[in-house]
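Asks: I am sharing run04.pdb, which consists of PDB, C-alpha atoms:
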ATOM      1  CA  MET A  23     164.703  70.762  87.655  1.00  0.00           C
ATOM      2  CA  GLY A  24     161.193  71.885  88.542  1.00  0.00           C
ATOM      3  CA  ASP A  25     158.060  69.804  88.035  1.00  0.00           C
ATOM      4  CA  HIS A  26     157.155  71.677  84.867  1.00  0.00           C
ATOM      5  CA  ASP A  27     160.644  71.040  83.407  1.00  0.00           C
ATOM      6  CA  LEU A  28     160.385  67.331  84.216  1.00  0.00           C
ATOM      7  CA  ILE A  29     156.978  67.077  82.555  1.00  0.00           C
ATOM      8  CA  THR A  30     158.259  68.924  79.493  1.00  0.00           C
ATOM      9  CA  ALA A  31     161.283  66.581  79.281  1.00  0.00           C
ATOM     10  CA  PHE A  32     158.985  63.572  79.422  1.00  0.00           C
ATOM     11  CA  VAL A  33     156.464  64.902  76.903  1.00  0.00           C
ATOM     12  CA  GLN A  34     159.027  66.142  74.373  1.00  0.00           C
ATOM     13  CA  GLN A  35     161.806  63.557  74.755  1.00  0.00           C
ATOM     14  CA  ASP A  36     159.939  60.611  76.311  1.00  0.00           C
ATOM     15  CA  ASP A  37     162.370  60.878  79.244  1.00  0.00           C
ATOM     16  CA  ARG A  38     161.126  58.231  81.657  1.00  0.00           C
ATOM     17  CA  GLU A  39     163.683  59.298  84.251  1.00  0.00           C
ATOM     18  CA  ALA A  40     161.744  62.554  84.537  1.00  0.00           C
ATOM     19  CA  VAL A  41     158.661  60.611  85.614  1.00  0.00           C
ATOM     20  CA  GLY A  42     160.877  58.627  87.976  1.00  0.00           C
ATOM     21  CA  GLU A  43     161.955  61.903  89.551  1.00  0.00           C
ATOM     22  CA  LEU A  44     158.305  62.954  89.922  1.00  0.00           C
ATOM     23  CA  TYR A  45     157.664  59.598  91.581  1.00  0.00           C
ATOM     24  CA  GLU A  46     160.562  60.179  93.971  1.00  0.00           C
ATOM     25  CA  ARG A  47     159.148  63.597  94.869  1.00  0.00           C
ATOM     26  CA  TYR A  48     155.481  62.713  95.205  1.00  0.00           C
ATOM     27  CA  GLY A  49     155.161  58.938  95.457  1.00  0.00           C
ATOM     28  CA  HIS A  50     154.974  58.996  99.251  1.00  0.00           C
ATOM     29  CA  LEU A  51     152.216  61.641  99.123  1.00  0.00           C
ATOM     30  CA  VAL A  52     150.202  59.613  96.632  1.00  0.00           C
ATOM     31  CA  LEU A  53     150.725  56.491  98.744  1.00  0.00           C
ATOM     32  CA  GLY A  54     149.434  58.355 101.812  1.00  0.00           C
ATOM     33  CA  LEU A  55     146.390  59.597  99.914  1.00  0.00           C
ATOM     34  CA  CYS A  56     145.644  56.104  98.581  1.00  0.00           C
ATOM     35  CA  LEU A  57     146.074  54.610 102.051  1.00  0.00           C
ATOM     36  CA  ASN A  58     143.653  57.198 103.435  1.00  0.00           C
ATOM     37  CA  TYR A  59     140.997  56.268 100.850  1.00  0.00           C
ATOM     38  CA  LEU A  60     141.564  52.542 100.381  1.00  0.00           C
ATOM     39  CA  LYS A  61     142.442  51.657 104.018  1.00  0.00           C
ATOM     40  CA  ASN A  62     144.740  48.831 102.933  1.00  0.00           C
ATOM     41  CA  LYS A  63     148.542  49.029 102.551  1.00  0.00           C
ATOM     42  CA  ASP A  64     148.777  46.558  99.678  1.00  0.00           C
ATOM     43  CA  ALA A  65     145.880  48.151  97.783  1.00  0.00           C
ATOM     44  CA  ALA A  66     147.420  51.596  98.361  1.00  0.00           C
ATOM     45  CA  ARG A  67     150.822  50.481  97.030  1.00  0.00           C
ATOM     46  CA  GLU A  68     149.185  48.893  93.995  1.00  0.00           C
ATOM     47  CA  ALA A  69     147.084  52.009  93.380  1.00  0.00           C
ATOM     48  CA  THR A  70     150.161  54.247  93.644  1.00  0.00           C
ATOM     49  CA  LEU A  71     151.984  52.187  91.022  1.00  0.00           C
ATOM     50  CA  SER A  72     148.896  52.174  88.803  1.00  0.00           C
ATOM     51  CA  ILE A  73     148.538  55.937  89.119  1.00  0.00           C
ATOM     52  CA  PHE A  74     152.126  56.600  88.084  1.00  0.00           C
ATOM     53  CA  SER A  75     151.965  54.110  85.220  1.00  0.00           C
ATOM     54  CA  LYS A  76     148.733  55.746  83.973  1.00  0.00           C
ATOM     55  CA  LEU A  77     150.497  59.094  84.221  1.00  0.00           C
ATOM     56  CA  LEU A  78     152.779  58.086  81.367  1.00  0.00           C
ATOM     57  CA  GLY A  79     149.905  58.382  78.922  1.00  0.00           C
ATOM     58  CA  ASP A  80     147.963  61.158  80.604  1.00  0.00           C
ATOM     59  CA  LEU A  81     150.870  63.585  81.009  1.00  0.00           C
ATOM     60  CA  LYS A  82     151.013  63.815  77.230  1.00  0.00           C
ATOM     61  CA  LYS A  83     147.271  64.474  76.933  1.00  0.00           C
ATOM     62  CA  HIS A  84     146.877  67.298  79.456  1.00  0.00           C
ATOM     63  CA  LYS A  85     148.462  70.697  79.895  1.00  0.00           C
ATOM     64  CA  ILE A  86     149.481  70.781  83.525  1.00  0.00           C
ATOM     65  CA  ASN A  87     150.388  74.044  85.217  1.00  0.00           C
ATOM     66  CA  TYR A  88     150.571  72.928  88.855  1.00  0.00           C
ATOM     67  CA  PHE A  89     151.622  69.301  88.941  1.00  0.00           C
ATOM     68  CA  LYS A  90     151.283  68.706  92.676  1.00  0.00           C
ATOM     69  CA  SER A  91     147.648  69.842  92.830  1.00  0.00           C
ATOM     70  CA  TRP A  92     146.847  68.085  89.543  1.00  0.00           C
ATOM     71  CA  LEU A  93     148.427  64.863  90.868  1.00  0.00           C
ATOM     72  CA  TYR A  94     146.359  65.144  94.053  1.00  0.00           C
ATOM     73  CA  ALA A  95     143.100  65.430  92.083  1.00  0.00           C
ATOM     74  CA  TYR A  96     144.209  62.687  89.672  1.00  0.00           C
ATOM     75  CA  SER A  97     145.071  60.321  92.544  1.00  0.00           C
ATOM     76  CA  LYS A  98     141.897  61.131  94.456  1.00  0.00           C
ATOM     77  CA  ASN A  99     139.766  60.366  91.373  1.00  0.00           C
ATOM     78  CA  PHE A 100     141.646  57.103  90.854  1.00  0.00           C
ATOM     79  CA  CYS A 101     140.943  56.048  94.456  1.00  0.00           C
ATOM     80  CA  LEU A 102     137.286  57.006  94.191  1.00  0.00           C
ATOM     81  CA  MET A 103     136.961  54.866  91.054  1.00  0.00           C
ATOM     82  CA  GLU A 104     138.597  51.951  92.885  1.00  0.00           C
ATOM     83  CA  LEU A 105     136.130  52.347  95.756  1.00  0.00           C
ATOM     84  CA  ARG A 106     133.232  52.351  93.290  1.00  0.00           C
ATOM     85  CA  LYS A 107     134.549  49.152  91.721  1.00  0.00           C
ATOM     86  CA  ARG A 108     134.800  47.550  95.156  1.00  0.00           C
ATOM     87  CA  GLN A 109     131.285  48.671  96.016  1.00  0.00           C
ATOM     88  CA  SER A 110     129.970  47.224  92.767  1.00  0.00           C
ATOM     89  CA  ARG A 111     131.734  43.891  93.374  1.00  0.00           C
ATOM     90  CA  LEU A 112     130.431  43.783  96.933  1.00  0.00           C
ATOM     91  CA  LYS A 113     126.887  44.464  95.758  1.00  0.00           C
ATOM     92  CA  LYS A 114     127.134  41.627  93.235  1.00  0.00           C
ATOM     93  CA  GLU A 115     128.461  39.283  95.926  1.00  0.00           C
ATOM     94  CA  LEU A 116     125.638  40.263  98.274  1.00  0.00           C
ATOM     95  CA  ASP A 117     123.076  39.682  95.535  1.00  0.00           C
ATOM     96  CA  LEU A 118     124.630  36.288  94.918  1.00  0.00           C
ATOM     97  CA  ASP A 119     124.542  35.489  98.640  1.00  0.00           C
ATOM     98  CA  GLU A 120     120.854  36.444  98.828  1.00  0.00           C
ATOM     99  CA  ASN A 121     120.051  34.232  95.855  1.00  0.00           C
ATOM    100  CA  THR A 122     122.098  31.396  97.344  1.00  0.00           C
ATOM    101  CA  ALA A 123     120.134  31.682 100.554  1.00  0.00           C
ATOM    102  CA  LEU A 124     116.870  31.497  98.597  1.00  0.00           C
ATOM    103  CA  ILE A 125     118.048  28.460  96.686  1.00  0.00           C
ATOM    104  CA  MET A 126     119.227  26.768  99.863  1.00  0.00           C
ATOM    105  CA  ASP A 127     115.812  27.325 101.439  1.00  0.00           C
ATOM    106  CA  PHE A 128     114.322  25.161  98.711  1.00  0.00           C
ATOM    107  CA  ASN A 129     116.467  22.223  99.807  1.00  0.00           C
ATOM    108  CA  GLU A 130     114.413  21.903 102.999  1.00  0.00           C
ATOM    109  CA  ALA A 131     111.639  19.303 103.007  1.00  0.00           C
ATOM    110  CA  GLU A 132     108.820  21.811 103.544  1.00  0.00           C
ATOM    111  CA  HIS A 133     109.762  23.603 100.342  1.00  0.00           C
ATOM    112  CA  LEU A 134     109.957  20.604  98.013  1.00  0.00           C
ATOM    113  CA  HIS A 135     106.473  21.173  96.685  1.00  0.00           C
ATOM    114  CA  SER A 136     107.268  24.811  95.920  1.00  0.00           C
ATOM    115  CA  ARG A 137     110.488  23.769  94.178  1.00  0.00           C
ATOM    116  CA  GLU A 138     108.636  21.272  92.025  1.00  0.00           C
ATOM    117  CA  ASN A 139     106.155  23.982  91.067  1.00  0.00           C
ATOM    118  CA  GLN A 140     109.009  26.273  90.054  1.00  0.00           C
ATOM    119  CA  ILE A 141     110.544  23.547  87.898  1.00  0.00           C
ATOM    120  CA  LEU A 142     107.212  22.904  86.190  1.00  0.00           C
ATOM    121  CA  LEU A 143     106.741  26.633  85.717  1.00  0.00           C
ATOM    122  CA  LEU A 144     110.210  26.927  84.198  1.00  0.00           C
ATOM    123  CA  GLU A 145     109.620  23.986  81.873  1.00  0.00           C
ATOM    124  CA  SER A 146     106.332  25.411  80.592  1.00  0.00           C
ATOM    125  CA  ALA A 147     107.922  28.845  80.086  1.00  0.00           C
ATOM    126  CA  MET A 148     110.873  27.262  78.225  1.00  0.00           C
ATOM    127  CA  ALA A 149     108.444  25.596  75.819  1.00  0.00           C
ATOM    128  CA  LEU A 150     107.091  29.037  74.862  1.00  0.00           C
ATOM    129  CA  LEU A 151     110.495  30.437  73.824  1.00  0.00           C
ATOM    130  CA  SER A 152     111.606  30.532  70.218  1.00  0.00           C
ATOM    131  CA  GLU A 153     113.656  27.489  69.245  1.00  0.00           C
ATOM    132  CA  GLU A 154     116.913  29.507  69.082  1.00  0.00           C
ATOM    133  CA  GLN A 155     116.321  31.068  72.505  1.00  0.00           C
ATOM    134  CA  ARG A 156     115.422  27.718  74.045  1.00  0.00           C
ATOM    135  CA  ILE A 157     118.480  25.964  72.604  1.00  0.00           C
ATOM    136  CA  CYS A 158     120.852  28.759  73.645  1.00  0.00           C
ATOM    137  CA  ILE A 159     119.356  28.935  77.162  1.00  0.00           C
ATOM    138  CA  GLU A 160     119.592  25.155  77.603  1.00  0.00           C
ATOM    139  CA  LEU A 161     123.179  25.009  76.379  1.00  0.00           C
ATOM    140  CA  PHE A 162     124.312  28.009  78.442  1.00  0.00           C
ATOM    141  CA  TYR A 163     122.518  27.442  81.746  1.00  0.00           C
ATOM    142  CA  LEU A 164     121.773  23.743  81.866  1.00  0.00           C
ATOM    143  CA  LYS A 165     124.760  22.319  80.030  1.00  0.00           C
ATOM    144  CA  GLU A 166     127.085  25.149  81.125  1.00  0.00           C
ATOM    145  CA  ARG A 167     128.506  25.795  77.655  1.00  0.00           C
ATOM    146  CA  SER A 168     130.357  29.024  76.835  1.00  0.00           C
ATOM    147  CA  TYR A 169     129.184  31.477  74.184  1.00  0.00           C
ATOM    148  CA  LYS A 170     131.992  30.244  71.939  1.00  0.00           C
ATOM    149  CA  GLU A 171     130.970  26.601  72.358  1.00  0.00           C
ATOM    150  CA  ILE A 172     127.355  27.478  71.616  1.00  0.00           C
ATOM    151  CA  THR A 173     128.350  29.266  68.403  1.00  0.00           C
ATOM    152  CA  GLU A 174     130.281  26.170  67.323  1.00  0.00           C
ATOM    153  CA  LEU A 175     127.423  23.796  68.217  1.00  0.00           C
ATOM    154  CA  THR A 176     124.616  25.837  66.657  1.00  0.00           C
ATOM    155  CA  GLY A 177     126.322  27.661  63.801  1.00  0.00           C
ATOM    156  CA  LEU A 178     124.960  30.958  65.126  1.00  0.00           C
ATOM    157  CA  GLN A 179     127.077  34.109  65.327  1.00  0.00           C
ATOM    158  CA  PHE A 180     128.502  35.149  68.716  1.00  0.00           C
ATOM    159  CA  ASN A 181     126.263  38.238  68.918  1.00  0.00           C
ATOM    160  CA  GLU A 182     123.206  36.154  67.994  1.00  0.00           C
ATOM    161  CA  VAL A 183     123.951  33.685  70.796  1.00  0.00           C
ATOM    162  CA  LYS A 184     124.397  36.515  73.275  1.00  0.00           C
ATOM    163  CA  SER A 185     121.147  38.119  72.125  1.00  0.00           C
ATOM    164  CA  TYR A 186     119.177  34.856  72.241  1.00  0.00           C
ATOM    165  CA  ILE A 187     120.386  34.179  75.787  1.00  0.00           C
ATOM    166  CA  GLN A 188     119.597  37.688  77.010  1.00  0.00           C
ATOM    167  CA  ASN A 189     116.217  37.871  75.314  1.00  0.00           C
ATOM    168  CA  GLY A 190     115.380  34.300  76.269  1.00  0.00           C
ATOM    169  CA  LYS A 191     116.168  34.977  79.898  1.00  0.00           C
ATOM    170  CA  ARG A 192     113.987  38.092  79.850  1.00  0.00           C
ATOM    171  CA  ASN A 193     111.156  36.230  78.097  1.00  0.00           C
ATOM    172  CA  LEU A 194     111.385  33.376  80.613  1.00  0.00           C
ATOM    173  CA  LYS A 195     111.013  35.813  83.479  1.00  0.00           C
ATOM    174  CA  ILE A 196     108.059  37.553  81.839  1.00  0.00           C
ATOM    175  CA  GLN A 197     106.307  34.266  81.065  1.00  0.00           C
ATOM    176  CA  MET A 198     106.914  32.842  84.537  1.00  0.00           C
ATOM    177  CA  GLU A 199     105.578  35.994  86.207  1.00  0.00           C
ATOM    178  CA  LYS A 200     102.550  35.946  83.916  1.00  0.00           C
ATOM    179  CA  THR A 201     101.811  32.309  84.752  1.00  0.00           C
ATOM    180  CA  LEU A 202     102.277  32.934  88.488  1.00  0.00           C
ATOM    181  CA  ASN A 203      99.910  35.901  88.345  1.00  0.00           C
ATOM    182  CA  GLU A 204      97.332  33.771  86.522  1.00  0.00           C
ATOM    183  CA  GLN A 205      97.667  31.018  89.146  1.00  0.00           C
ATOM    184  CA  GLU A 206      97.252  33.496  92.002  1.00  0.00           C
ATOM    185  CA  GLY A 207      94.192  35.001  90.274  1.00  0.00           C
ATOM    186  CA  LYS A 208      92.401  31.634  90.208  1.00  0.00           C
TER     187      LYS A 208
END
Would you give me this structure, written as structure tokens?
Replies:
Amino acid sequence: MGDHDLITAFVQQDDREAVGELYERYGHLVLGLCLNYLKNKDAAREATLSIFSKLLGDLKKHKINYFKSWLYAYSKNFCLMELRKRQSRLKKELDLDENTALIMDFNEAEHLHSRENQILLLESAMALLSEEQRICIELFYLKERSYKEITELTGLQFNEVKSYIQNGKRNLKIQMEKTLNEQEGK
């Protein structure tokens, strides 16, 4: 059977063996492509399996004339998305590392005064938040409660808690920057 016949058998009769045959024919090519992009054998194997499992749904959605070239483009796009996800995770980790380094700097004796000023600044900014924002911020960041726990403790809806935390965080930043600018202007 040709590729087109196998795809037709799968689409019309949900013949999973047809997809298995496509895997037998092209799995090694997809694995090679994934290995070329992802540069890791385990990640390439996992990506190959993910690609063929995703195919089960996507073969029914698309009209495919030339399976081999379609599979190449499909696999390439999958790998590119994986690389973007990795890049995003790496960026978040780097941001976290930078912030950790800044926080660790404040543990040194010469920075104690600056740390105390930041705490006072934070406390004064917290006092300017609405009561709901302040409570949600304190529970989430200081008492390390989850959104669900905060909804149970406060009686607020989940979306309200999320909104109060996001808006409160933004308002804290704005207020702290404003106060710092005023202090520098003196």
Asks: A:Leu164, A:Ile187, A:Ala40, A:Leu150: which is nearest Leu78 (chain A), counting all atoms listed in the file?
Replies: A:Ala40
Asks: Any chance you could resolve the PyMOL selection byres ((chain A and resi 93-110) around 12) against this file and give the residues as a ChimeraX atom specification?
Replies: /A:25,44-45,47-62,65-77,80-81,84,86-92,111-117
Asks: Output the selection as an mmCIF file, in the frame of the given file - C-alpha atoms for each residue.
Replies:
data_model
loop_
_atom_site.group_PDB
_atom_site.id
_atom_site.type_symbol
_atom_site.label_atom_id
_atom_site.label_comp_id
_atom_site.auth_asym_id
_atom_site.auth_seq_id
_atom_site.Cartn_x
_atom_site.Cartn_y
_atom_site.Cartn_z
ATOM 1 C CA ASP A 25 158.060 69.804 88.035
ATOM 2 C CA LEU A 44 158.305 62.954 89.922
ATOM 3 C CA TYR A 45 157.664 59.598 91.581
ATOM 4 C CA ARG A 47 159.148 63.597 94.869
ATOM 5 C CA TYR A 48 155.481 62.713 95.205
ATOM 6 C CA GLY A 49 155.161 58.938 95.457
ATOM 7 C CA HIS A 50 154.974 58.996 99.251
ATOM 8 C CA LEU A 51 152.216 61.641 99.123
ATOM 9 C CA VAL A 52 150.202 59.613 96.632
ATOM 10 C CA LEU A 53 150.725 56.491 98.744
ATOM 11 C CA GLY A 54 149.434 58.355 101.812
ATOM 12 C CA LEU A 55 146.390 59.597 99.914
ATOM 13 C CA CYS A 56 145.644 56.104 98.581
ATOM 14 C CA LEU A 57 146.074 54.610 102.051
ATOM 15 C CA ASN A 58 143.653 57.198 103.435
ATOM 16 C CA TYR A 59 140.997 56.268 100.850
ATOM 17 C CA LEU A 60 141.564 52.542 100.381
ATOM 18 C CA LYS A 61 142.442 51.657 104.018
ATOM 19 C CA ASN A 62 144.740 48.831 102.933
ATOM 20 C CA ALA A 65 145.880 48.151 97.783
ATOM 21 C CA ALA A 66 147.420 51.596 98.361
ATOM 22 C CA ARG A 67 150.822 50.481 97.030
ATOM 23 C CA GLU A 68 149.185 48.893 93.995
ATOM 24 C CA ALA A 69 147.084 52.009 93.380
ATOM 25 C CA THR A 70 150.161 54.247 93.644
ATOM 26 C CA LEU A 71 151.984 52.187 91.022
ATOM 27 C CA SER A 72 148.896 52.174 88.803
ATOM 28 C CA ILE A 73 148.538 55.937 89.119
ATOM 29 C CA PHE A 74 152.126 56.600 88.084
ATOM 30 C CA SER A 75 151.965 54.110 85.220
ATOM 31 C CA LYS A 76 148.733 55.746 83.973
ATOM 32 C CA LEU A 77 150.497 59.094 84.221
ATOM 33 C CA ASP A 80 147.963 61.158 80.604
ATOM 34 C CA LEU A 81 150.870 63.585 81.009
ATOM 35 C CA HIS A 84 146.877 67.298 79.456
ATOM 36 C CA ILE A 86 149.481 70.781 83.525
ATOM 37 C CA ASN A 87 150.388 74.044 85.217
ATOM 38 C CA TYR A 88 150.571 72.928 88.855
ATOM 39 C CA PHE A 89 151.622 69.301 88.941
ATOM 40 C CA LYS A 90 151.283 68.706 92.676
ATOM 41 C CA SER A 91 147.648 69.842 92.830
ATOM 42 C CA TRP A 92 146.847 68.085 89.543
ATOM 43 C CA ARG A 111 131.734 43.891 93.374
ATOM 44 C CA LEU A 112 130.431 43.783 96.933
ATOM 45 C CA LYS A 113 126.887 44.464 95.758
ATOM 46 C CA LYS A 114 127.134 41.627 93.235
ATOM 47 C CA GLU A 115 128.461 39.283 95.926
ATOM 48 C CA LEU A 116 125.638 40.263 98.274
ATOM 49 C CA ASP A 117 123.076 39.682 95.535
#
Asks: Using all atoms listed in the file, find the one residue out of A:Glu206, A:Glu199, A:Glu145, A:Asp27 that sits nearest to Ile159 (chain A).
Replies: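 For Ile159 (chain A), the nearest of the given residues is A:Glu145.
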Asks: So that I can check the surroundings of Glu182 (chain A), please list as a CSV table (one decimal) with C-alpha atoms, in the frame of the given file every protein, DNA and RNA residue that reaches within 10 Å of it, counting all atoms listed in the file and ignoring chain neighbours fewer than 6 positions away.
Replies:
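Contents of the output file result_7.csv:
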chain,number,residue,atom,x,y,z
A,154,GLU,CA,116.9,29.5,69.1
A,155,GLN,CA,116.3,31.1,72.5
A,158,CYS,CA,120.9,28.8,73.6
A,169,TYR,CA,129.2,31.5,74.2
A,173,THR,CA,128.4,29.3,68.4
A,188,GLN,CA,119.6,37.7,77.0
Asks: Which value, in Å to one decimal, gives the distance between CA of Glu174 (chain A) and CA of Ser152 (chain A)?
Replies: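 It comes out at 19.4 Å.
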Asks: May I ask for the distance between CA of Phe162 (chain A) and CA of Ser146 (chain A), given in Å to one decimal place?
Replies: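 So the answer is 18.3 Å.
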Asks: Looking at A:Asn139, A:Gln35, A:Thr30, A:Gln179, which one is nearest to Met198 (chain A), with distances taken over all atoms listed in the file?
Replies: A:Asn139
Asks: May I ask for the distance between CA of Val33 (chain A) and CA of Lys85 (chain A), given in Å to one decimal place?
Replies: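 Value for the CA of Val33 (chain A)-CA of Lys85 (chain A) distance: 10.3 Å.
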Asks: Box along x, y and z, 8 Å on every side, all listed atoms of region 41-54 of chain A inside: centre and edge lengths in Å to one decimal, as lines of an AutoDock Vina configuration file.
Replies:
center_x = 155.7
center_y = 60.0
center_z = 93.7
size_x = 28.5
size_y = 23.1
size_z = 32.2
Asks: Between A:Leu175, A:Val183, A:Leu161, A:Leu194, which has the minimum distance to Ala149 (chain A) (counting all atoms listed in the file)?
Replies: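 The closest residue to Ala149 (chain A) is A:Leu194.
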Asks: For the structure shown, which residues end up in the PyMOL selection byres ((chain A and resi 197) around 10)? Put them as a ChimeraX atom specification, please?
Replies: /A:143-144,146-148,150-151,191-196,198-203
Asks: Any chance you could export the current selection's C-alpha atoms as a PDB file, in the coordinates of the input?
Replies:
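Saved file result_39.pdb follows:
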ATOM      1  CA  LEU A 143     106.741  26.633  85.717  1.00  0.00           C
ATOM      2  CA  LEU A 144     110.210  26.927  84.198  1.00  0.00           C
ATOM      3  CA  SER A 146     106.332  25.411  80.592  1.00  0.00           C
ATOM      4  CA  ALA A 147     107.922  28.845  80.086  1.00  0.00           C
ATOM      5  CA  MET A 148     110.873  27.262  78.225  1.00  0.00           C
ATOM      6  CA  LEU A 150     107.091  29.037  74.862  1.00  0.00           C
ATOM      7  CA  LEU A 151     110.495  30.437  73.824  1.00  0.00           C
ATOM      8  CA  LYS A 191     116.168  34.977  79.898  1.00  0.00           C
ATOM      9  CA  ARG A 192     113.987  38.092  79.850  1.00  0.00           C
ATOM     10  CA  ASN A 193     111.156  36.230  78.097  1.00  0.00           C
ATOM     11  CA  LEU A 194     111.385  33.376  80.613  1.00  0.00           C
ATOM     12  CA  LYS A 195     111.013  35.813  83.479  1.00  0.00           C
ATOM     13  CA  ILE A 196     108.059  37.553  81.839  1.00  0.00           C
ATOM     14  CA  MET A 198     106.914  32.842  84.537  1.00  0.00           C
ATOM     15  CA  GLU A 199     105.578  35.994  86.207  1.00  0.00           C
ATOM     16  CA  LYS A 200     102.550  35.946  83.916  1.00  0.00           C
ATOM     17  CA  THR A 201     101.811  32.309  84.752  1.00  0.00           C
ATOM     18  CA  LEU A 202     102.277  32.934  88.488  1.00  0.00           C
ATOM     19  CA  ASN A 203      99.910  35.901  88.345  1.00  0.00           C
TER      20      ASN A 203
END
Asks: Since the input is missing atoms for region 154-160 of chain A, could you rebuild it with all heavy atoms and give the result as a PDB file, in the coordinates of the input?
Replies:
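Below is the file that was written, rebuild_5.pdb:
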ATOM      1  N   GLU A 154     115.539  29.027  68.889  1.00  0.00           N
ATOM      2  CA  GLU A 154     116.913  29.507  69.082  1.00  0.00           C
ATOM      3  C   GLU A 154     117.150  29.918  70.528  1.00  0.00           C
ATOM      4  O   GLU A 154     118.176  29.587  71.125  1.00  0.00           O
ATOM      5  CB  GLU A 154     117.228  30.685  68.156  1.00  0.00           C
ATOM      6  CG  GLU A 154     117.254  30.349  66.686  1.00  0.00           C
ATOM      7  CD  GLU A 154     115.877  30.426  66.020  1.00  0.00           C
ATOM      8  OE1 GLU A 154     114.864  30.677  66.709  1.00  0.00           O
ATOM      9  OE2 GLU A 154     115.816  30.217  64.801  1.00  0.00           O
ATOM     10  N   GLN A 155     116.179  30.647  71.115  1.00  0.00           N
ATOM     11  CA  GLN A 155     116.321  31.068  72.505  1.00  0.00           C
ATOM     12  C   GLN A 155     116.375  29.850  73.424  1.00  0.00           C
ATOM     13  O   GLN A 155     117.210  29.776  74.324  1.00  0.00           O
ATOM     14  CB  GLN A 155     115.162  31.981  72.912  1.00  0.00           C
ATOM     15  CG  GLN A 155     115.235  33.368  72.315  1.00  0.00           C
ATOM     16  CD  GLN A 155     114.040  34.226  72.689  1.00  0.00           C
ATOM     17  OE1 GLN A 155     113.093  33.772  73.319  1.00  0.00           O
ATOM     18  NE2 GLN A 155     114.079  35.491  72.280  1.00  0.00           N
ATOM     19  N   ARG A 156     115.479  28.909  73.200  1.00  0.00           N
ATOM     20  CA  ARG A 156     115.422  27.718  74.045  1.00  0.00           C
ATOM     21  C   ARG A 156     116.729  26.937  73.979  1.00  0.00           C
ATOM     22  O   ARG A 156     117.297  26.561  75.003  1.00  0.00           O
ATOM     23  CB  ARG A 156     114.250  26.821  73.632  1.00  0.00           C
ATOM     24  CG  ARG A 156     114.055  25.617  74.544  1.00  0.00           C
ATOM     25  CD  ARG A 156     112.932  24.693  74.074  1.00  0.00           C
ATOM     26  NE  ARG A 156     112.961  24.366  72.655  1.00  0.00           N
ATOM     27  CZ  ARG A 156     113.821  23.520  72.101  1.00  0.00           C
ATOM     28  NH1 ARG A 156     114.710  22.902  72.821  1.00  0.00           N
ATOM     29  NH2 ARG A 156     113.772  23.276  70.804  1.00  0.00           N
ATOM     30  N   ILE A 157     117.241  26.721  72.776  1.00  0.00           N
ATOM     31  CA  ILE A 157     118.480  25.964  72.604  1.00  0.00           C
ATOM     32  C   ILE A 157     119.646  26.680  73.286  1.00  0.00           C
ATOM     33  O   ILE A 157     120.425  26.067  74.019  1.00  0.00           O
ATOM     34  CB  ILE A 157     118.778  25.732  71.106  1.00  0.00           C
ATOM     35  CG1 ILE A 157     117.762  24.743  70.526  1.00  0.00           C
ATOM     36  CG2 ILE A 157     120.203  25.239  70.892  1.00  0.00           C
ATOM     37  CD1 ILE A 157     117.802  24.620  69.007  1.00  0.00           C
ATOM     38  N   CYS A 158     119.747  27.990  73.057  1.00  0.00           N
ATOM     39  CA  CYS A 158     120.852  28.759  73.645  1.00  0.00           C
ATOM     40  C   CYS A 158     120.761  28.777  75.175  1.00  0.00           C
ATOM     41  O   CYS A 158     121.770  28.620  75.866  1.00  0.00           O
ATOM     42  CB  CYS A 158     120.884  30.183  73.097  1.00  0.00           C
ATOM     43  SG  CYS A 158     121.404  30.265  71.365  1.00  0.00           S
ATOM     44  N   ILE A 159     119.552  28.937  75.705  1.00  0.00           N
ATOM     45  CA  ILE A 159     119.356  28.935  77.162  1.00  0.00           C
ATOM     46  C   ILE A 159     119.735  27.572  77.742  1.00  0.00           C
ATOM     47  O   ILE A 159     120.434  27.486  78.752  1.00  0.00           O
ATOM     48  CB  ILE A 159     117.883  29.281  77.523  1.00  0.00           C
ATOM     49  CG1 ILE A 159     117.553  30.735  77.181  1.00  0.00           C
ATOM     50  CG2 ILE A 159     117.576  28.965  78.976  1.00  0.00           C
ATOM     51  CD1 ILE A 159     118.008  31.757  78.164  1.00  0.00           C
ATOM     52  N   GLU A 160     119.274  26.495  77.103  1.00  0.00           N
ATOM     53  CA  GLU A 160     119.592  25.155  77.603  1.00  0.00           C
ATOM     54  C   GLU A 160     121.091  24.888  77.591  1.00  0.00           C
ATOM     55  O   GLU A 160     121.649  24.373  78.559  1.00  0.00           O
ATOM     56  CB  GLU A 160     118.870  24.094  76.769  1.00  0.00           C
ATOM     57  CG  GLU A 160     117.395  23.995  77.055  1.00  0.00           C
ATOM     58  CD  GLU A 160     116.668  23.001  76.143  1.00  0.00           C
ATOM     59  OE1 GLU A 160     117.304  22.414  75.231  1.00  0.00           O
ATOM     60  OE2 GLU A 160     115.452  22.827  76.334  1.00  0.00           O
TER      61      GLU A 160
END
